[in-house]
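Shown next: run.cif, containing mmCIF, C-alpha atoms.
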data_work
loop_
_atom_site.group_PDB
_atom_site.id
_atom_site.type_symbol
_atom_site.label_atom_id
_atom_site.label_comp_id
_atom_site.auth_asym_id
_atom_site.auth_seq_id
_atom_site.Cartn_x
_atom_site.Cartn_y
_atom_site.Cartn_z
ATOM 1 C CA MET A 1 11.568 31.072 11.571
ATOM 2 C CA LYS A 2 11.209 27.493 10.369
ATOM 3 C CA HIS A 3 7.716 26.059 9.961
ATOM 4 C CA ASN A 4 6.685 22.406 10.201
ATOM 5 C CA GLY A 5 4.461 20.919 7.509
ATOM 6 C CA ILE A 6 3.615 18.005 5.275
ATOM 7 C CA ILE A 7 4.115 17.887 1.494
ATOM 8 C CA THR A 8 0.729 17.338 -0.132
ATOM 9 C CA ARG A 9 1.667 17.890 -3.782
ATOM 10 C CA SER A 10 4.779 17.716 -5.911
ATOM 11 C CA VAL A 11 4.955 18.889 -9.537
ATOM 12 C CA GLY A 12 8.020 19.979 -11.492
ATOM 13 C CA GLY A 13 10.233 20.748 -8.497
ATOM 14 C CA LEU A 14 7.521 22.768 -6.711
ATOM 15 C CA TYR A 15 6.103 21.406 -3.473
ATOM 16 C CA THR A 16 2.806 22.295 -1.831
ATOM 17 C CA VAL A 17 3.346 22.168 1.916
ATOM 18 C CA GLU A 18 0.470 22.263 4.367
ATOM 19 C CA SER A 19 1.276 23.763 7.753
ATOM 20 C CA SER A 20 -0.843 24.580 10.774
ATOM 21 C CA ASP A 21 -0.939 28.227 9.686
ATOM 22 C CA GLY A 22 -1.578 27.806 5.959
ATOM 23 C CA VAL A 23 -0.569 26.259 2.660
ATOM 24 C CA TYR A 24 2.762 27.219 1.051
ATOM 25 C CA GLU A 25 4.470 26.681 -2.291
ATOM 26 C CA CYS A 26 8.090 25.695 -1.701
ATOM 27 C CA LYS A 27 11.254 24.684 -3.487
ATOM 28 C CA ALA A 28 13.822 22.300 -2.061
ATOM 29 C CA ARG A 29 17.380 23.240 -1.116
ATOM 30 C CA GLY A 30 19.957 22.206 -3.680
ATOM 31 C CA ILE A 31 21.785 20.222 -1.009
ATOM 32 C CA PHE A 32 19.114 17.514 -1.212
ATOM 33 C CA ARG A 33 19.767 17.011 -4.920
ATOM 34 C CA ASN A 34 23.505 16.833 -4.265
ATOM 35 C CA ARG A 35 22.864 14.062 -1.746
ATOM 36 C CA GLY A 36 20.560 12.203 -4.134
ATOM 37 C CA ILE A 37 17.526 12.933 -1.959
ATOM 38 C CA SER A 38 14.236 14.106 -3.410
ATOM 39 C CA PRO A 39 11.367 15.446 -1.271
ATOM 40 C CA CYS A 40 8.291 13.267 -1.565
ATOM 41 C CA VAL A 41 4.552 13.699 -1.076
ATOM 42 C CA GLY A 42 3.828 12.664 2.509
ATOM 43 C CA ASP A 43 7.208 13.877 3.787
ATOM 44 C CA LYS A 44 7.203 15.820 7.039
ATOM 45 C CA VAL A 45 9.425 18.840 6.473
ATOM 46 C CA LYS A 46 10.766 22.046 7.969
ATOM 47 C CA PHE A 47 10.675 25.076 5.666
ATOM 48 C CA ASP A 48 11.399 28.792 5.733
ATOM 49 C CA ASN A 49 10.774 31.564 3.171
ATOM 50 C CA GLY A 50 9.456 29.120 0.605
ATOM 51 C CA VAL A 51 12.440 26.749 0.876
ATOM 52 C CA ILE A 52 12.356 23.228 2.325
ATOM 53 C CA GLU A 53 15.287 23.068 4.734
ATOM 54 C CA GLU A 54 14.863 19.646 6.370
ATOM 55 C CA ILE A 55 13.127 16.365 5.520
ATOM 56 C CA GLY A 56 12.020 14.226 8.457
ATOM 57 C CA GLU A 57 12.895 10.548 8.694
ATOM 58 C CA ARG A 58 10.544 8.401 6.600
ATOM 59 C CA LYS A 59 8.876 5.316 8.001
ATOM 60 C CA ASN A 60 8.225 4.044 4.460
ATOM 61 C CA CYS A 61 8.271 5.190 0.848
ATOM 62 C CA LEU A 62 6.713 4.020 -2.420
ATOM 63 C CA ILE A 63 8.585 4.870 -5.609
ATOM 64 C CA ARG A 64 5.834 5.356 -8.188
ATOM 65 C CA PRO A 65 3.851 7.370 -7.491
ATOM 66 C CA PRO A 66 6.273 8.728 -4.883
ATOM 67 C CA LEU A 67 4.488 8.624 -1.526
ATOM 68 C CA ALA A 68 6.071 8.611 1.924
ATOM 69 C CA ASN A 69 4.913 7.886 5.459
ATOM 70 C CA LEU A 70 1.767 5.963 4.576
ATOM 71 C CA ASP A 71 -0.135 4.553 7.532
ATOM 72 C CA GLN A 72 -2.197 2.156 5.457
ATOM 73 C CA LEU A 73 -2.569 0.852 1.934
ATOM 74 C CA ILE A 74 -6.136 -0.067 1.046
ATOM 75 C CA PHE A 75 -6.631 -2.723 -1.615
ATOM 76 C CA VAL A 76 -10.067 -2.462 -3.198
ATOM 77 C CA VAL A 77 -11.190 -5.914 -4.342
ATOM 78 C CA SER A 78 -14.508 -6.629 -6.046
ATOM 79 C CA MET A 79 -16.255 -9.979 -5.707
ATOM 80 C CA ALA A 80 -17.284 -9.948 -9.392
ATOM 81 C CA GLU A 81 -16.634 -8.067 -12.618
ATOM 82 C CA PRO A 82 -13.657 -8.408 -12.087
ATOM 83 C CA SER A 83 -13.295 -11.373 -9.747
ATOM 84 C CA PRO A 84 -10.516 -11.303 -7.138
ATOM 85 C CA ASN A 85 -6.990 -12.257 -8.180
ATOM 86 C CA LEU A 86 -5.562 -13.579 -4.913
ATOM 87 C CA LEU A 87 -1.979 -13.910 -6.177
ATOM 88 C CA ILE A 88 -1.811 -10.225 -7.104
ATOM 89 C CA LEU A 89 -3.529 -9.297 -3.843
ATOM 90 C CA ASP A 90 -1.015 -11.318 -1.820
ATOM 91 C CA LYS A 91 1.880 -9.709 -3.697
ATOM 92 C CA PHE A 92 0.551 -6.278 -2.774
ATOM 93 C CA ILE A 93 0.026 -7.256 0.838
ATOM 94 C CA ALA A 94 3.616 -8.558 0.982
ATOM 95 C CA VAL A 95 4.948 -5.227 -0.319
ATOM 96 C CA ALA A 96 2.866 -3.347 2.269
ATOM 97 C CA GLU A 97 4.126 -5.605 5.068
ATOM 98 C CA TYR A 98 7.728 -5.231 3.852
ATOM 99 C CA GLN A 99 7.327 -1.443 3.876
ATOM 100 C CA HIS A 100 5.678 -1.455 7.331
ATOM 101 C CA ILE A 101 2.419 -0.133 5.894
ATOM 102 C CA GLU A 102 -0.770 -1.573 7.361
ATOM 103 C CA PRO A 103 -2.647 -3.503 4.635
ATOM 104 C CA VAL A 104 -6.441 -3.206 4.524
ATOM 105 C CA ILE A 105 -8.776 -4.987 2.094
ATOM 106 C CA ALA A 106 -11.965 -3.184 1.044
ATOM 107 C CA VAL A 107 -14.395 -5.674 -0.500
ATOM 108 C CA THR A 108 -16.941 -4.299 -2.994
ATOM 109 C CA LYS A 109 -19.779 -5.706 -5.153
ATOM 110 C CA VAL A 110 -20.835 -8.045 -2.366
ATOM 111 C CA ASP A 111 -24.344 -8.033 -3.855
ATOM 112 C CA LEU A 112 -23.017 -9.903 -6.912
ATOM 113 C CA ALA A 113 -21.125 -12.716 -5.166
ATOM 114 C CA ASP A 114 -20.586 -14.060 -1.670
ATOM 115 C CA CYS A 115 -17.510 -12.660 0.096
ATOM 116 C CA GLY A 116 -17.242 -15.420 2.703
ATOM 117 C CA MET A 117 -14.168 -16.977 1.097
ATOM 118 C CA ILE A 118 -12.212 -13.692 1.111
ATOM 119 C CA GLU A 119 -13.291 -12.999 4.694
ATOM 120 C CA SER A 120 -12.185 -16.438 5.863
ATOM 121 C CA ILE A 121 -8.759 -16.309 4.172
ATOM 122 C CA TYR A 122 -7.737 -12.838 5.288
ATOM 123 C CA GLN A 123 -9.331 -12.658 8.717
ATOM 124 C CA ASN A 124 -7.452 -15.870 9.501
ATOM 125 C CA ALA A 125 -4.288 -14.164 8.247
ATOM 126 C CA GLY A 126 -4.871 -11.196 10.547
ATOM 127 C CA ILE A 127 -5.496 -8.742 7.699
ATOM 128 C CA LYS A 128 -8.116 -6.064 8.300
ATOM 129 C CA LEU A 129 -11.186 -6.285 6.023
ATOM 130 C CA CYS A 130 -13.838 -3.687 5.327
ATOM 131 C CA ILE A 131 -16.984 -5.021 3.630
ATOM 132 C CA VAL A 132 -18.627 -2.264 1.564
ATOM 133 C CA ASP A 133 -22.337 -2.998 1.203
ATOM 134 C CA TYR A 134 -24.163 -0.285 -0.740
ATOM 135 C CA GLU A 135 -27.497 -1.659 0.406
ATOM 136 C CA SER A 136 -26.742 -0.517 3.960
ATOM 137 C CA ASP A 137 -27.640 2.954 5.248
ATOM 138 C CA ASP A 138 -24.036 4.221 5.301
ATOM 139 C CA PRO A 139 -21.827 1.800 3.330
ATOM 140 C CA ALA A 140 -18.639 3.787 3.926
ATOM 141 C CA ALA A 141 -19.022 4.306 7.694
ATOM 142 C CA GLU A 142 -16.398 1.703 8.632
ATOM 143 C CA MET A 143 -14.001 2.961 5.967
ATOM 144 C CA ARG A 144 -14.399 6.523 7.235
ATOM 145 C CA ASP A 145 -13.357 5.365 10.705
ATOM 146 C CA LEU A 146 -10.312 3.601 9.253
ATOM 147 C CA LEU A 147 -9.217 6.720 7.351
ATOM 148 C CA GLN A 148 -9.610 9.214 10.186
ATOM 149 C CA ASN A 149 -6.334 10.914 11.142
ATOM 150 C CA ARG A 150 -4.254 8.559 8.967
ATOM 151 C CA ILE A 151 -2.396 8.917 5.668
ATOM 152 C CA SER A 152 -3.935 6.323 3.366
ATOM 153 C CA ALA A 153 -3.585 5.268 -0.245
ATOM 154 C CA PHE A 154 -6.069 3.276 -2.310
ATOM 155 C CA THR A 155 -5.171 0.883 -5.073
ATOM 156 C CA GLY A 156 -7.136 -1.618 -7.100
ATOM 157 C CA ASN A 157 -7.766 -2.883 -10.561
ATOM 158 C CA SER A 158 -9.972 -0.854 -12.844
ATOM 159 C CA GLY A 159 -13.644 -1.708 -12.392
ATOM 160 C CA VAL A 160 -13.442 -2.679 -8.716
ATOM 161 C CA GLY A 161 -15.377 0.416 -7.588
ATOM 162 C CA LYS A 162 -12.636 2.651 -6.192
ATOM 163 C CA SER A 163 -14.223 5.928 -7.327
ATOM 164 C CA THR A 164 -17.643 4.895 -6.031
ATOM 165 C CA LEU A 165 -16.102 4.049 -2.670
ATOM 166 C CA LEU A 166 -14.180 7.329 -2.501
ATOM 167 C CA ASN A 167 -17.348 9.269 -3.299
ATOM 168 C CA SER A 168 -19.155 7.403 -0.534
ATOM 169 C CA VAL A 169 -16.380 8.178 1.938
ATOM 170 C CA CYS A 170 -16.444 11.885 1.183
ATOM 171 C CA ASP A 171 -18.150 13.859 -1.568
ATOM 172 C CA LYS A 172 -16.216 17.020 -0.697
ATOM 173 C CA PHE A 173 -12.806 16.379 -2.218
ATOM 174 C CA GLU A 174 -11.179 19.473 -3.692
ATOM 175 C CA ILE A 175 -11.467 17.778 -7.082
ATOM 176 C CA PRO A 176 -14.095 15.218 -8.141
ATOM 177 C CA THR A 177 -12.838 11.710 -7.415
ATOM 178 C CA GLY A 178 -13.488 10.748 -11.012
ATOM 179 C CA GLU A 179 -10.639 13.103 -11.946
ATOM 180 C CA ILE A 180 -8.150 11.726 -9.444
ATOM 181 C CA SER A 181 -6.764 9.211 -11.924
ATOM 182 C CA ARG A 182 -6.137 11.908 -14.508
ATOM 183 C CA LYS A 183 -4.623 14.250 -11.944
ATOM 184 C CA LEU A 184 -2.298 11.490 -10.779
ATOM 185 C CA GLY A 185 -1.033 10.811 -14.255
ATOM 186 C CA ARG A 186 -2.977 7.796 -15.417
ATOM 187 C CA GLY A 187 -2.855 7.864 -19.168
ATOM 188 C CA ARG A 188 -0.210 7.917 -21.825
ATOM 189 C CA HIS A 189 0.235 11.656 -22.306
ATOM 190 C CA THR A 190 0.149 12.974 -18.751
ATOM 191 C CA THR A 191 2.880 13.578 -16.196
ATOM 192 C CA ARG A 192 2.734 11.228 -13.258
ATOM 193 C CA HIS A 193 2.662 12.855 -9.851
ATOM 194 C CA ALA A 194 1.198 12.191 -6.449
ATOM 195 C CA GLU A 195 -1.135 14.274 -4.363
ATOM 196 C CA LEU A 196 -2.674 13.990 -0.929
ATOM 197 C CA TYR A 197 -6.215 15.192 -0.307
ATOM 198 C CA LYS A 198 -7.213 16.378 3.133
ATOM 199 C CA LEU A 199 -10.318 14.730 4.580
ATOM 200 C CA PRO A 200 -12.791 16.923 6.467
ATOM 201 C CA PHE A 201 -12.872 14.439 9.351
ATOM 202 C CA GLY A 202 -9.058 14.284 9.649
ATOM 203 C CA GLY A 203 -6.409 12.449 7.661
ATOM 204 C CA TYR A 204 -5.221 12.418 4.065
ATOM 205 C CA ILE A 205 -6.006 10.211 1.118
ATOM 206 C CA ALA A 206 -4.075 9.451 -2.069
ATOM 207 C CA ASP A 207 -4.919 7.402 -5.108
ATOM 208 C CA THR A 208 -2.280 5.050 -6.540
ATOM 209 C CA PRO A 209 -1.994 3.221 -9.865
ATOM 210 C CA GLY A 210 -4.181 0.191 -10.429
ATOM 211 C CA PHE A 211 -3.019 -3.382 -10.034
ATOM 212 C CA SER A 212 -2.286 -3.596 -13.765
ATOM 213 C CA THR A 213 0.337 -0.829 -13.624
ATOM 214 C CA PHE A 214 1.664 -1.169 -10.074
ATOM 215 C CA GLU A 215 4.255 -3.911 -10.603
ATOM 216 C CA THR A 216 5.350 -4.959 -7.147
ATOM 217 C CA ASN A 217 8.886 -5.952 -8.139
ATOM 218 C CA LYS A 218 9.551 -2.368 -9.246
ATOM 219 C CA TYR A 219 8.741 -1.000 -5.804
ATOM 220 C CA ASN A 220 10.371 -3.449 -3.493
ATOM 221 C CA ILE A 221 12.494 -6.428 -4.355
ATOM 222 C CA ILE A 222 11.891 -8.785 -1.456
ATOM 223 C CA LYS A 223 14.637 -11.360 -0.969
ATOM 224 C CA LYS A 224 13.466 -14.956 -0.673
ATOM 225 C CA GLU A 225 14.903 -15.092 2.877
ATOM 226 C CA GLU A 226 12.714 -12.132 3.892
ATOM 227 C CA LEU A 227 9.503 -13.220 2.187
ATOM 228 C CA SER A 228 8.071 -15.349 4.999
ATOM 229 C CA GLY A 229 8.220 -12.276 7.255
ATOM 230 C CA CYS A 230 5.721 -10.622 4.888
ATOM 231 C CA PHE A 231 3.096 -13.290 5.660
ATOM 232 C CA ARG A 232 2.042 -12.386 9.165
ATOM 233 C CA GLU A 233 0.169 -15.634 9.868
ATOM 234 C CA PHE A 234 3.464 -17.551 9.490
ATOM 235 C CA GLU A 235 4.908 -15.777 12.509
ATOM 236 C CA ARG A 236 3.234 -17.920 15.171
ATOM 237 C CA PHE A 237 4.933 -21.024 13.746
ATOM 238 C CA GLU A 238 8.382 -19.455 13.598
ATOM 239 C CA GLY A 239 11.146 -21.751 14.848
ATOM 240 C CA GLU A 240 8.971 -24.879 14.732
ATOM 241 C CA CYS A 241 10.291 -26.258 11.420
ATOM 242 C CA ARG A 242 12.705 -29.205 11.459
ATOM 243 C CA PHE A 243 15.339 -27.254 9.531
ATOM 244 C CA ARG A 244 16.545 -23.818 10.580
ATOM 245 C CA ASP A 245 16.911 -22.620 6.958
ATOM 246 C CA CYS A 246 13.502 -24.004 5.913
ATOM 247 C CA SER A 247 12.064 -22.256 2.854
ATOM 248 C CA HIS A 248 8.502 -23.373 3.779
ATOM 249 C CA THR A 249 7.951 -24.576 0.221
ATOM 250 C CA LYS A 250 8.612 -28.351 0.129
ATOM 251 C CA GLU A 251 10.744 -29.492 3.070
ATOM 252 C CA LYS A 252 9.760 -32.427 5.267
ATOM 253 C CA GLY A 253 9.073 -31.329 8.803
ATOM 254 C CA CYS A 254 8.012 -27.811 7.743
ATOM 255 C CA ARG A 255 5.539 -26.457 10.289
ATOM 256 C CA ILE A 256 4.127 -23.931 7.774
ATOM 257 C CA ILE A 257 3.283 -26.676 5.269
ATOM 258 C CA GLN A 258 1.689 -28.683 8.074
ATOM 259 C CA ALA A 259 -0.345 -25.626 9.115
ATOM 260 C CA ALA A 260 -1.572 -25.184 5.523
ATOM 261 C CA ASP A 261 -2.477 -28.887 5.293
ATOM 262 C CA GLU A 262 -4.405 -28.691 8.562
ATOM 263 C CA GLY A 263 -6.246 -25.450 7.700
ATOM 264 C CA GLU A 264 -4.422 -23.238 10.201
ATOM 265 C CA ILE A 265 -3.104 -21.239 7.233
ATOM 266 C CA ALA A 266 -5.192 -20.744 4.078
ATOM 267 C CA ASN A 267 -3.980 -22.942 1.213
ATOM 268 C CA SER A 268 -4.171 -20.021 -1.222
ATOM 269 C CA ARG A 269 -1.861 -17.935 0.966
ATOM 270 C CA HIS A 270 0.734 -20.690 1.204
ATOM 271 C CA GLU A 271 0.480 -21.510 -2.523
ATOM 272 C CA ASN A 272 0.946 -17.833 -3.415
ATOM 273 C CA TYR A 273 3.886 -17.627 -1.020
ATOM 274 C CA CYS A 274 5.491 -20.558 -2.892
ATOM 275 C CA VAL A 275 4.950 -18.827 -6.256
ATOM 276 C CA MET A 276 6.493 -15.624 -4.904
ATOM 277 C CA TYR A 277 9.396 -17.575 -3.374
ATOM 278 C CA GLU A 278 10.199 -19.157 -6.738
ATOM 279 C CA GLU A 279 10.083 -15.714 -8.363
ATOM 280 C CA ALA A 280 12.387 -14.319 -5.659
ATOM 281 C CA LYS A 281 14.883 -17.120 -6.344
ATOM 282 C CA GLN A 282 15.233 -15.834 -9.909
ATOM 283 C CA ILE A 283 16.315 -12.346 -8.780
ATOM 284 C CA LYS A 284 19.922 -11.637 -9.680
ATOM 285 C CA GLU A 285 22.276 -10.189 -7.084
ATOM 286 C CA TRP A 286 22.793 -6.977 -9.096
ATOM 287 C CA GLU A 287 19.028 -6.318 -9.024
ATOM 288 C CA LEU A 288 19.172 -6.057 -5.247
#
Show me, as structure tokens, the structure contained in the file I just sent.
Amino acid sequence: MKHNGIITRSVGGLYTVESSDGVYECKARGIFRNRGISPCVGDKVKFDNGVIEEIGERKNCLIRPPLANLDQLIFVVSMAEPSPNLLILDKFIAVAEYQHIEPVIAVTKVDLADCGMIESIYQNAGIKLCIVDYESDDPAAEMRDLLQNRISAFTGNSGVGKSTLLNSVCDKFEIPTGEISRKLGRGRHTTRHAELYKLPFGGYIADTPGFSTFETNKYNIIKKEELSGCFREFERFEGECRFRDCSHTKEKGCRIIQAADEGEIANSRHENYCVMYEEAKQIKEWEL
């Protein structure tokens, strides 16, 4: 009889599958390899006698580390040491939007610098923010609510406080959160793999490579024509530009440029969009 489950770990062709009646070690049918399909952590599967027989349809998939069916991607950004890099943050948000993954920004080290600027930019853009204040009684309470019953991944530059946040969310991971990076293959001499960790209050959590190693153009090449759709605050001005094929970068009569000039869209978001648009223009057809 086939069982339903979710792949929580993948190493060397062996898959750990969690089902309602237990945890199983499985292999995949050779037919997947013949079709160029590889089971992925986060995949919903059907299996029988230790063999994965079917892979459910994916709503999204990251390539490295391979993770499927994410509900949200949480970008941990510190207000100081290191300071926020808004261009990199906007590139990540665009990839999440393109993949239909809900972007969330977790802001740390708010005791070292004011977070009002970040709040203003991204609340106006309609991006969910979670302010992590370790001087409060339960700094991770809001984050815990966001994670409940969802599959979530965290990413962020080194030094932004990811491990501290994960420890605050839950101190009962199967492995200490300080080891997650090593387990997930950070480091020159380790094998990269992905793993989901079950949360005691429902949901799963995965760690992903930091901003320095997660190069967005290796995960999704977004065509210049599709880029504006990855900036959700542009949507309300859709169809209001003078020219139908407006790039929203320099044209006269562009409603997006007007919105940025008038403060309806944050200048930094529009400027970063223009940088990303110019980069997208350089993509060769064969890369797509």
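With CA of Asn4 (chain A) on one side and CA of Arg144 (chain A) on the other, the separation reads 26.6 Å.
The spacing separating CA of Lys91 (chain A) from CA of Asp261 (chain A) amounts to 21.6 Å.
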Assuming the chain letters and numbering stay as they are in my file, what does the PyMOL selection byres ((chain A and resi 59) around 10) actually select? List them as a list of chain:residue names. A:Asp43, A:Gly56, A:Glu57, A:Arg58, A:Asn60, A:Cys61, A:Ala68, A:Asn69, A:Leu70, A:Asp71, A:Gln99, A:His100, A:Ile101
Would you mind exporting the chosen residues as an mmCIF file, in the coordinates of the input, restricted to C-alpha atoms?
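Contents of result03.cif, as written:
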data_model
loop_
_atom_site.group_PDB
_atom_site.id
_atom_site.type_symbol
_atom_site.label_atom_id
_atom_site.label_comp_id
_atom_site.auth_asym_id
_atom_site.auth_seq_id
_atom_site.Cartn_x
_atom_site.Cartn_y
_atom_site.Cartn_z
ATOM 1 C CA ASP A 43 7.208 13.877 3.787
ATOM 2 C CA GLY A 56 12.020 14.226 8.457
ATOM 3 C CA GLU A 57 12.895 10.548 8.694
ATOM 4 C CA ARG A 58 10.544 8.401 6.600
ATOM 5 C CA ASN A 60 8.225 4.044 4.460
ATOM 6 C CA CYS A 61 8.271 5.190 0.848
ATOM 7 C CA ALA A 68 6.071 8.611 1.924
ATOM 8 C CA ASN A 69 4.913 7.886 5.459
ATOM 9 C CA LEU A 70 1.767 5.963 4.576
ATOM 10 C CA ASP A 71 -0.135 4.553 7.532
ATOM 11 C CA GLN A 99 7.327 -1.443 3.876
ATOM 12 C CA HIS A 100 5.678 -1.455 7.331
ATOM 13 C CA ILE A 101 2.419 -0.133 5.894
#
Inset, instruction - For the structure shown, which residues end up in the PyMOL selection byres ((chain A and resi 221-228) around 10)? Put them as a ChimeraX atom specification, please? - result: /A:94-95,97-98,216-220,229-235,238,245-248,256,270,273-274,276-283,285,287-288
>> If we count all atoms listed in the file and set the cut-off at 7 Å, which residues sit around Ala194 (chain A), ignoring sequence neighbours fewer than 4 positions away in its own chain? Please answer as number ranges by chain.
In response: A: 9-10, 41, 65-67, 184
Return the padded bounding box of region 163-173 of chain A as lines of an AutoDock Vina configuration file: axis-aligned, built from all atoms listed in the file, 4 Å added on each side, with centre and edge lengths in Å to one decimal.
center_x = -16.0
center_y = 10.5
center_z = -2.7
size_x = 14.3
size_y = 21.0
size_z = 17.3
Residue with the minimum atom-to-atom distance to Asn149 (chain A), picked from A:Thr16, A:Gln72, A:Thr164, A:Thr108 with only C-alpha atoms counted, is A:Gln72
Run the PyMOL selection byres ((chain A and resi 198) around 10) on the file and write out the hits as a PDB file with C-alpha atoms, in the frame of the given file.
ATOM      1  CA  THR A   8       0.729  17.338  -0.132  1.00  0.00           C
ATOM      2  CA  GLU A  18       0.470  22.263   4.367  1.00  0.00           C
ATOM      3  CA  ASN A 149      -6.334  10.914  11.142  1.00  0.00           C
ATOM      4  CA  ILE A 151      -2.396   8.917   5.668  1.00  0.00           C
ATOM      5  CA  LYS A 172     -16.216  17.020  -0.697  1.00  0.00           C
ATOM      6  CA  PHE A 173     -12.806  16.379  -2.218  1.00  0.00           C
ATOM      7  CA  GLU A 174     -11.179  19.473  -3.692  1.00  0.00           C
ATOM      8  CA  GLU A 195      -1.135  14.274  -4.363  1.00  0.00           C
ATOM      9  CA  LEU A 196      -2.674  13.990  -0.929  1.00  0.00           C
ATOM     10  CA  TYR A 197      -6.215  15.192  -0.307  1.00  0.00           C
ATOM     11  CA  LEU A 199     -10.318  14.730   4.580  1.00  0.00           C
ATOM     12  CA  PRO A 200     -12.791  16.923   6.467  1.00  0.00           C
ATOM     13  CA  PHE A 201     -12.872  14.439   9.351  1.00  0.00           C
ATOM     14  CA  GLY A 202      -9.058  14.284   9.649  1.00  0.00           C
ATOM     15  CA  GLY A 203      -6.409  12.449   7.661  1.00  0.00           C
ATOM     16  CA  TYR A 204      -5.221  12.418   4.065  1.00  0.00           C
ATOM     17  CA  ILE A 205      -6.006  10.211   1.118  1.00  0.00           C
ATOM     18  CA  ALA A 206      -4.075   9.451  -2.069  1.00  0.00           C
TER      19      ALA A 206
END
Students should find that CA of Val169 (chain A) and CA of Pro139 (chain A) are spaced 8.5 Å
List the spatial neighbours of region 110-120 of chain A as an NGL selection string - criterion: any atom at most 12 Å away, only C-alpha atoms, same-chain residues fewer than 2 positions off excluded.
:A and (77-86 or 89-90 or 104-108 or 122-136 or 139 or 160-161 or 263-269)
Counting all atoms listed in the file, the residue among A:Ala96, A:Leu166, A:Val76, A:Ile55 that lies closest to Phe32 (chain A) is A:Ile55
Which residue gives the smallest distance to Glu25 (chain A) among A:Gly50, A:Pro103, A:Gly12, A:Gly5, with only C-alpha atoms counted?
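Looking only at the distances to Glu25 (chain A), the closest residue turns out to be A:Gly50.
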Fill in: Who sits within 9 Å of Glu240 (chain A), all atoms listed in the file, same chain under 5 positions skipped, as a count of residues only
4
In terms of all atoms listed in the file, the residue from A:Arg150, A:His3, A:Ile121, A:Ser163 at minimal distance from Ala260 (chain A) is A:Ile121
Would you kindly return, as number ranges by chain, each protein, DNA or RNA residue with an atom no farther than 10 Å from any atom of Glu54 (chain A), considering all atoms listed in the file and excluding same-chain residues fewer than 4 positions away?
-> A: 2, 4, 28-29, 32, 39, 43-48
